[in-house]
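Content type mmCIF, C-alpha atoms, from the file work-v6.cif:
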```cif
data_target
loop_
_atom_site.label_atom_id
_atom_site.label_comp_id
_atom_site.auth_asym_id
_atom_site.auth_seq_id
_atom_site.Cartn_x
_atom_site.Cartn_y
_atom_site.Cartn_z
CA GLY B 1 85.04 106.07 83.49
CA GLN B 2 85.17 102.71 85.13
CA GLN B 3 82.41 101.97 87.61
CA VAL B 4 82.26 99.16 90.12
CA MET B 5 78.90 98.36 91.63
CA GLN B 6 78.56 96.26 94.76
CA ILE B 7 75.48 94.74 96.35
CA PRO B 8 73.94 94.49 98.81
CA GLN B 9 74.74 97.68 100.67
CA TYR B 10 73.84 96.11 104.00
CA GLN B 11 73.50 92.53 105.18
CA HIS B 12 72.36 91.42 108.61
CA VAL B 13 72.81 87.74 109.45
CA GLN B 14 72.59 85.49 112.44
CA GLU B 15 75.83 83.94 113.51
CA GLY B 16 76.26 80.70 111.61
CA GLU B 17 74.42 81.86 108.51
CA ASP B 18 76.16 82.34 105.20
CA PHE B 19 76.85 85.70 103.55
CA THR B 20 77.55 86.73 99.97
CA THR B 21 78.43 90.08 98.43
CA TYR B 22 78.53 90.70 94.69
CA CYS B 23 80.59 93.04 92.60
CA ASN B 24 80.03 94.09 89.00
CA SER B 25 82.24 96.25 86.80
CA SER B 26 81.21 98.33 83.79
CA THR B 27 84.42 97.32 82.05
CA THR B 28 86.61 94.24 81.83
CA LEU B 29 89.07 94.17 84.69
CA SER B 30 92.72 93.26 84.84
CA ASN B 31 92.17 91.95 88.34
CA ILE B 32 89.83 92.25 91.26
CA GLN B 33 90.79 92.71 94.87
CA TRP B 34 88.82 92.36 98.06
CA TYR B 35 89.32 94.36 101.24
CA LYS B 36 87.82 94.25 104.71
CA GLN B 37 87.39 97.32 106.87
CA ARG B 38 86.51 96.81 110.50
CA PRO B 39 84.46 99.53 112.19
CA GLY B 40 86.78 102.44 112.90
CA GLY B 41 89.64 100.81 111.04
CA HIS B 42 91.29 101.06 107.66
CA PRO B 43 90.84 98.71 104.71
CA VAL B 44 92.90 95.54 104.85
CA PHE B 45 93.75 93.50 101.77
CA LEU B 46 92.15 90.06 101.63
CA ILE B 47 92.92 88.67 98.19
CA GLN B 48 93.49 89.37 94.52
CA LEU B 49 91.98 87.41 91.64
CA VAL B 50 93.52 87.65 88.21
CA LYS B 51 92.39 84.78 86.02
CA SER B 52 89.05 84.41 84.30
CA GLY B 53 86.83 82.03 86.29
CA GLU B 54 89.29 81.92 89.17
CA VAL B 55 88.11 80.64 92.55
CA LYS B 56 90.15 81.05 95.73
CA LYS B 57 89.42 80.01 99.27
CA GLN B 58 90.64 81.33 102.59
CA LYS B 59 89.19 79.18 105.37
CA ARG B 60 85.50 80.12 105.40
CA LEU B 61 85.85 82.73 102.64
CA THR B 62 85.40 81.86 98.96
CA PHE B 63 86.23 84.37 96.24
CA GLN B 64 85.19 84.06 92.60
CA PHE B 65 86.12 86.01 89.49
CA GLY B 66 83.70 85.78 86.58
CA GLU B 67 84.52 84.29 83.22
CA ALA B 68 84.23 87.69 81.55
CA LYS B 69 86.38 89.31 84.28
CA LYS B 70 83.63 91.84 84.96
CA ASN B 71 82.11 90.43 88.12
CA SER B 72 83.14 88.82 91.35
CA SER B 73 81.72 87.51 94.57
CA LEU B 74 82.79 86.89 98.13
CA HIS B 75 81.01 84.18 100.08
CA ILE B 76 81.46 83.59 103.80
CA THR B 77 80.29 80.25 105.18
CA ALA B 78 78.95 80.05 108.72
CA THR B 79 79.58 83.66 109.71
CA GLN B 80 81.12 84.54 113.05
CA THR B 81 80.95 87.79 115.00
CA THR B 82 84.55 88.43 113.99
CA ASP B 83 83.40 88.72 110.37
CA VAL B 84 81.67 92.02 111.14
CA GLY B 85 82.83 94.91 108.96
CA THR B 86 82.57 96.41 105.51
CA TYR B 87 83.73 94.34 102.57
CA PHE B 88 84.92 96.22 99.51
CA CYS B 89 85.71 94.92 96.10
CA ALA B 90 88.13 96.93 93.99
CA GLY B 91 88.56 96.58 90.26
CA GLY B 92 92.11 96.89 89.06
CA THR B 93 93.60 98.10 85.82
CA SER B 94 96.86 96.98 84.33
CA TYR B 95 98.64 100.10 85.61
CA GLY B 96 97.70 99.64 89.23
CA LYS B 97 94.76 101.99 89.65
CA LEU B 98 91.92 100.58 91.76
CA THR B 99 88.25 101.56 91.62
CA PHE B 100 86.41 100.59 94.78
CA GLY B 101 82.86 99.37 95.00
CA GLN B 102 80.46 100.94 97.49
CA GLY B 103 81.05 98.20 100.01
CA THR B 104 78.76 95.80 101.84
CA ILE B 105 78.31 96.37 105.54
CA LEU B 106 77.99 93.02 107.30
CA THR B 107 76.41 92.76 110.73
CA VAL B 108 76.45 89.42 112.52
CA HIS B 109 74.03 88.89 115.37
CA PRO B 110 75.20 86.40 118.02
CA SER A 111 104.29 94.31 103.37
CA ALA A 112 104.46 97.97 104.35
CA VAL A 113 103.89 99.87 107.54
CA ILE A 114 102.39 103.29 107.01
CA SER A 115 102.33 106.05 109.60
CA GLN A 116 99.86 108.79 108.98
CA LYS A 117 99.32 111.96 110.96
CA PRO A 118 97.38 113.63 112.27
CA SER A 119 95.03 110.76 113.06
CA ARG A 120 92.21 113.24 113.51
CA ASP A 121 91.65 116.97 113.62
CA ILE A 122 88.89 119.50 113.90
CA CYS A 123 89.38 122.44 111.59
CA GLN A 124 87.76 125.74 110.95
CA ARG A 125 86.21 126.61 107.62
CA GLY A 126 88.64 128.37 105.30
CA THR A 127 91.80 126.95 106.84
CA SER A 128 94.17 124.38 105.37
CA LEU A 129 95.59 121.21 106.85
CA THR A 130 98.51 119.07 105.77
CA ILE A 131 98.46 115.32 106.29
CA GLN A 132 101.72 113.42 106.40
CA CYS A 133 102.34 109.85 105.29
CA GLN A 134 105.53 107.97 106.16
CA VAL A 135 106.26 104.48 104.84
CA ASP A 136 108.79 102.11 106.38
CA SER A 137 110.22 101.14 102.98
CA GLN A 138 110.78 102.71 99.58
CA VAL A 139 107.74 102.42 97.36
CA THR A 140 107.10 103.59 93.86
CA MET A 141 103.32 103.82 93.89
CA MET A 142 101.71 105.95 96.58
CA PHE A 143 98.09 107.06 96.53
CA TRP A 144 95.76 109.34 98.44
CA TYR A 145 92.15 108.29 98.96
CA ARG A 146 89.17 109.97 100.54
CA GLN A 147 86.44 108.11 102.39
CA GLN A 148 83.44 110.21 103.25
CA PRO A 149 81.28 109.05 106.18
CA GLY A 150 79.68 105.72 105.41
CA GLN A 151 80.97 105.80 101.86
CA SER A 152 83.47 103.95 99.72
CA LEU A 153 87.02 104.98 98.94
CA THR A 154 87.61 107.51 96.19
CA LEU A 155 91.04 108.00 94.70
CA ILE A 156 92.17 111.61 94.90
CA ALA A 157 95.54 111.33 93.22
CA THR A 158 98.66 109.30 92.63
CA ALA A 159 101.67 110.86 94.31
CA ASN A 160 104.63 110.65 91.95
CA GLN A 161 108.14 110.97 93.28
CA GLY A 162 109.98 113.87 91.70
CA SER A 163 107.08 115.09 89.61
CA GLU A 164 103.60 116.52 89.93
CA ALA A 165 100.86 114.28 91.28
CA THR A 166 98.32 112.78 88.90
CA TYR A 167 94.81 113.82 89.92
CA GLU A 168 91.57 111.99 89.32
CA SER A 169 88.51 113.58 87.81
CA GLY A 170 86.91 115.98 90.27
CA PHE A 171 90.11 116.69 92.19
CA VAL A 172 92.48 119.57 91.46
CA ILE A 173 95.93 120.54 92.60
CA ASP A 174 94.86 123.90 94.00
CA LYS A 175 92.49 122.19 96.41
CA PHE A 176 94.62 119.13 97.21
CA PRO A 177 98.29 119.93 96.69
CA ILE A 178 100.49 116.87 97.13
CA SER A 179 104.20 116.58 97.75
CA ARG A 180 106.36 113.48 97.25
CA PRO A 181 109.94 114.45 98.03
CA ASN A 182 111.21 110.87 98.22
CA LEU A 183 110.14 107.24 97.99
CA THR A 184 109.06 106.95 101.63
CA PHE A 185 107.15 110.16 102.31
CA SER A 186 104.24 112.18 100.99
CA THR A 187 101.93 114.95 102.13
CA LEU A 188 98.41 115.89 101.16
CA THR A 189 97.10 119.35 101.93
CA VAL A 190 93.38 120.03 102.06
CA SER A 191 93.12 123.72 101.24
CA ASN A 192 90.48 126.29 102.07
CA MET A 193 88.41 123.68 103.85
CA SER A 194 84.62 123.60 103.95
CA PRO A 195 82.31 121.23 105.86
CA GLU A 196 82.03 119.14 102.67
CA ASP A 197 85.71 118.24 103.12
CA SER A 198 84.91 116.43 106.37
CA SER A 199 86.14 112.95 105.63
CA ILE A 200 88.76 110.34 106.30
CA TYR A 201 91.86 110.78 104.15
CA LEU A 202 93.92 107.65 103.59
CA CYS A 203 97.42 107.25 102.31
CA SER A 204 98.14 103.96 100.58
CA VAL A 205 101.03 102.25 98.89
CA LEU A 206 101.19 99.46 96.37
CA THR A 207 103.71 96.74 97.13
CA GLY A 208 103.54 93.78 94.82
CA ARG A 209 99.85 93.19 94.31
CA GLU A 210 98.62 94.50 97.64
CA LEU A 211 97.46 97.97 98.50
CA PHE A 212 98.40 98.85 102.07
CA PHE A 213 96.57 101.66 103.82
CA GLY A 214 97.56 103.99 106.60
CA GLU A 215 95.27 104.34 109.57
CA GLY A 216 93.68 107.39 108.02
CA SER A 217 93.25 111.01 109.06
CA ARG A 218 89.73 111.87 110.16
CA LEU A 219 89.03 115.55 109.45
CA THR A 220 86.02 117.42 110.73
CA VAL A 221 85.47 120.89 109.33
CA LEU A 222 83.24 123.24 111.27
#
```
Render the structure in this file as structure tokens.
Amino acid sequence: GQQVMQIPQYQHVQEGEDFTTYCNSSTTLSNIQWYKQRPGGHPVFLIQLVKSGEVKKQKRLTFQFGEAKKNSSLHITATQTTDVGTYFCAGGTSYGKLTFGQGTILTVHP
Amino acid sequence: SAVISQKPSRDICQRGTSLTIQCQVDSQVTMMFWYRQQPGQSLTLIATANQGSEATYESGFVIDKFPISRPNLTFSTLTVSNMSPEDSSIYLCSVLTGRELFFGEGSRLTVL
């Protein structure tokens, strides 16, 4: 079945440093979604990428979808303590099923 | 968007018992899913709850262990049957509206 691998598992940064998490699928994806889960909370949708090579920005967050639609990345510029949480990618199929990556736990030290 | 109410929010259960989790959505939705998130782990899809028909289960999950009801387009239940400590997890209801997957707050189950 479809597998979605995400690295790194953990990332500790100093406030102000950049952060990147990477996602790789074993199969070509229809779309990729990114979610953020704060400690003790539930996953919250951040964005969906659909097109090959697509790049989207949300303030300090930059999302990329690979040309082959099998990999993606999330980059945060100048992290803040509010960025703390687990970031999940989720590979989507054409019929709506999502396969989640293992998540990257981000810790930001003030 | 969708607002999802899930209960119980948490429970401590004895081995061998069963617990039913309820999920109420504030609008009619076609696609409703149940996920499990084990401690420190990612989200694993248990099943898709289909309105008016049997749920569609993912590999490794069976109806006898996780019976699901979907009586209408705003409500679903997931039962965790004959629980063991390995079932200790967060169970999340989610709905697909447009392109976004909205999650309930989750039900944190601890099985002793």
key: Evaluate the PyMOL selection byres ((chain B and resi 19) around 7) and report residues as a list in words   = Glu17, Asp18, Thr20, Thr21, His75, Ile76 and Thr77 of chain B
Restricted to C-alpha atoms, what would the selected residues look like written as a compact mmCIF listing (two decimals), keeping the file's coordinate frame?
```txt
# COMPACT_ATOMS: atom_id res chain seq x y z
CA GLU B 17 74.42 81.86 108.51
CA ASP B 18 76.16 82.34 105.20
CA THR B 20 77.55 86.73 99.97
CA THR B 21 78.43 90.08 98.43
CA HIS B 75 81.01 84.18 100.08
CA ILE B 76 81.46 83.59 103.80
CA THR B 77 80.29 80.25 105.18
```
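Minimum distance to B:Leu74 across B:Arg38, B:Tyr22, B:Lys97, B:Gly92 (counting only C-alpha atoms) occurs at B:Tyr22.
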Matched chain/residue IDs from the PyMOL selection byres ((chain A) within 9 of (chain B)), as a PDB file with C-alpha atoms, in the coordinates of the input:
```pdb
ATOM      1  CA  MET A 141     103.320 103.820  93.890  1.00  0.00           C
ATOM      2  CA  GLN A 151      80.970 105.800 101.860  1.00  0.00           C
ATOM      3  CA  SER A 152      83.470 103.950  99.720  1.00  0.00           C
ATOM      4  CA  LEU A 153      87.020 104.980  98.940  1.00  0.00           C
ATOM      5  CA  THR A 154      87.610 107.510  96.190  1.00  0.00           C
ATOM      6  CA  LEU A 155      91.040 108.000  94.700  1.00  0.00           C
ATOM      7  CA  THR A 158      98.660 109.300  92.630  1.00  0.00           C
ATOM      8  CA  LEU A 202      93.920 107.650 103.590  1.00  0.00           C
ATOM      9  CA  LEU A 206     101.190  99.460  96.370  1.00  0.00           C
ATOM     10  CA  ARG A 209      99.850  93.190  94.310  1.00  0.00           C
ATOM     11  CA  GLU A 210      98.620  94.500  97.640  1.00  0.00           C
ATOM     12  CA  LEU A 211      97.460  97.970  98.500  1.00  0.00           C
ATOM     13  CA  PHE A 212      98.400  98.850 102.070  1.00  0.00           C
ATOM     14  CA  PHE A 213      96.570 101.660 103.820  1.00  0.00           C
ATOM     15  CA  GLY A 214      97.560 103.990 106.600  1.00  0.00           C
ATOM     16  CA  GLU A 215      95.270 104.340 109.570  1.00  0.00           C
ATOM     17  CA  GLY A 216      93.680 107.390 108.020  1.00  0.00           C
TER      18      GLY A 216
END
```
Distance of atom CA of A:Thr207 from atom CA of A:Val135, expressed in Å to one decimal place =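 Distance reported for this atom pair: 11.2 Å.
Take the candidates A:Ile178, A:Val172, A:Ile122, A:Val113 and check each one against A:Arg218 using only C-alpha atoms; the shortest distance goes to A:Ile122.
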inquiry  = Using only C-alpha atoms, which protein or nucleic acid residues come within 9 Å of A:Arg125? Drop anything in the same chain fewer than 6 positions from it, and give the result as a list in words.
reply    =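 Near neighbours after the sequence-gap exclusion: Asn192, Met193, Ser194, Pro195, Val221 and Leu222 of chain A.
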message = Could you tell me how far atom CA of B:Leu29 sits from atom CA of B:Thr107, in Å to one decimal place?
response = 29.0 Å
request  = Name the closest residue to A:Val205 among the candidates A:Thr166, A:Gln134, A:Lys117, A:Leu188; distances are taken between atoms, counting all atoms listed in the file.
outcome  =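 Selected residue with least distance to A:Val205: A:Gln134.
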request  = Just say which residues the PyMOL selection byres ((chain A and resi 198) around 6) picks in this file, as an MDAnalysis selection string.
outcome  = chainID A and resid 195:197 199 219:221
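Nearest to B:Gln3 of all the residues B:Glu15, B:Lys36, B:Glu54, B:Thr27 is B:Thr27, based on all atoms listed in the file.
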Around all listed atoms of stretch 176-195 of chain A, padded 5 Å per side, what centre and edge lengths does the axis-aligned box have in Å to one decimal, as AutoDock Vina command-line options?
```
--center_x 96.8 --center_y 116.6 --center_z 101.3 --size_x 38.9 --size_y 29.3 --size_z 19.2
```
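When all atoms listed in the file are used to measure the gap to B:Ser25, the shortest distance among B:Ala68, B:Val55, B:Leu61, B:Ala78 belongs to B:Ala68.
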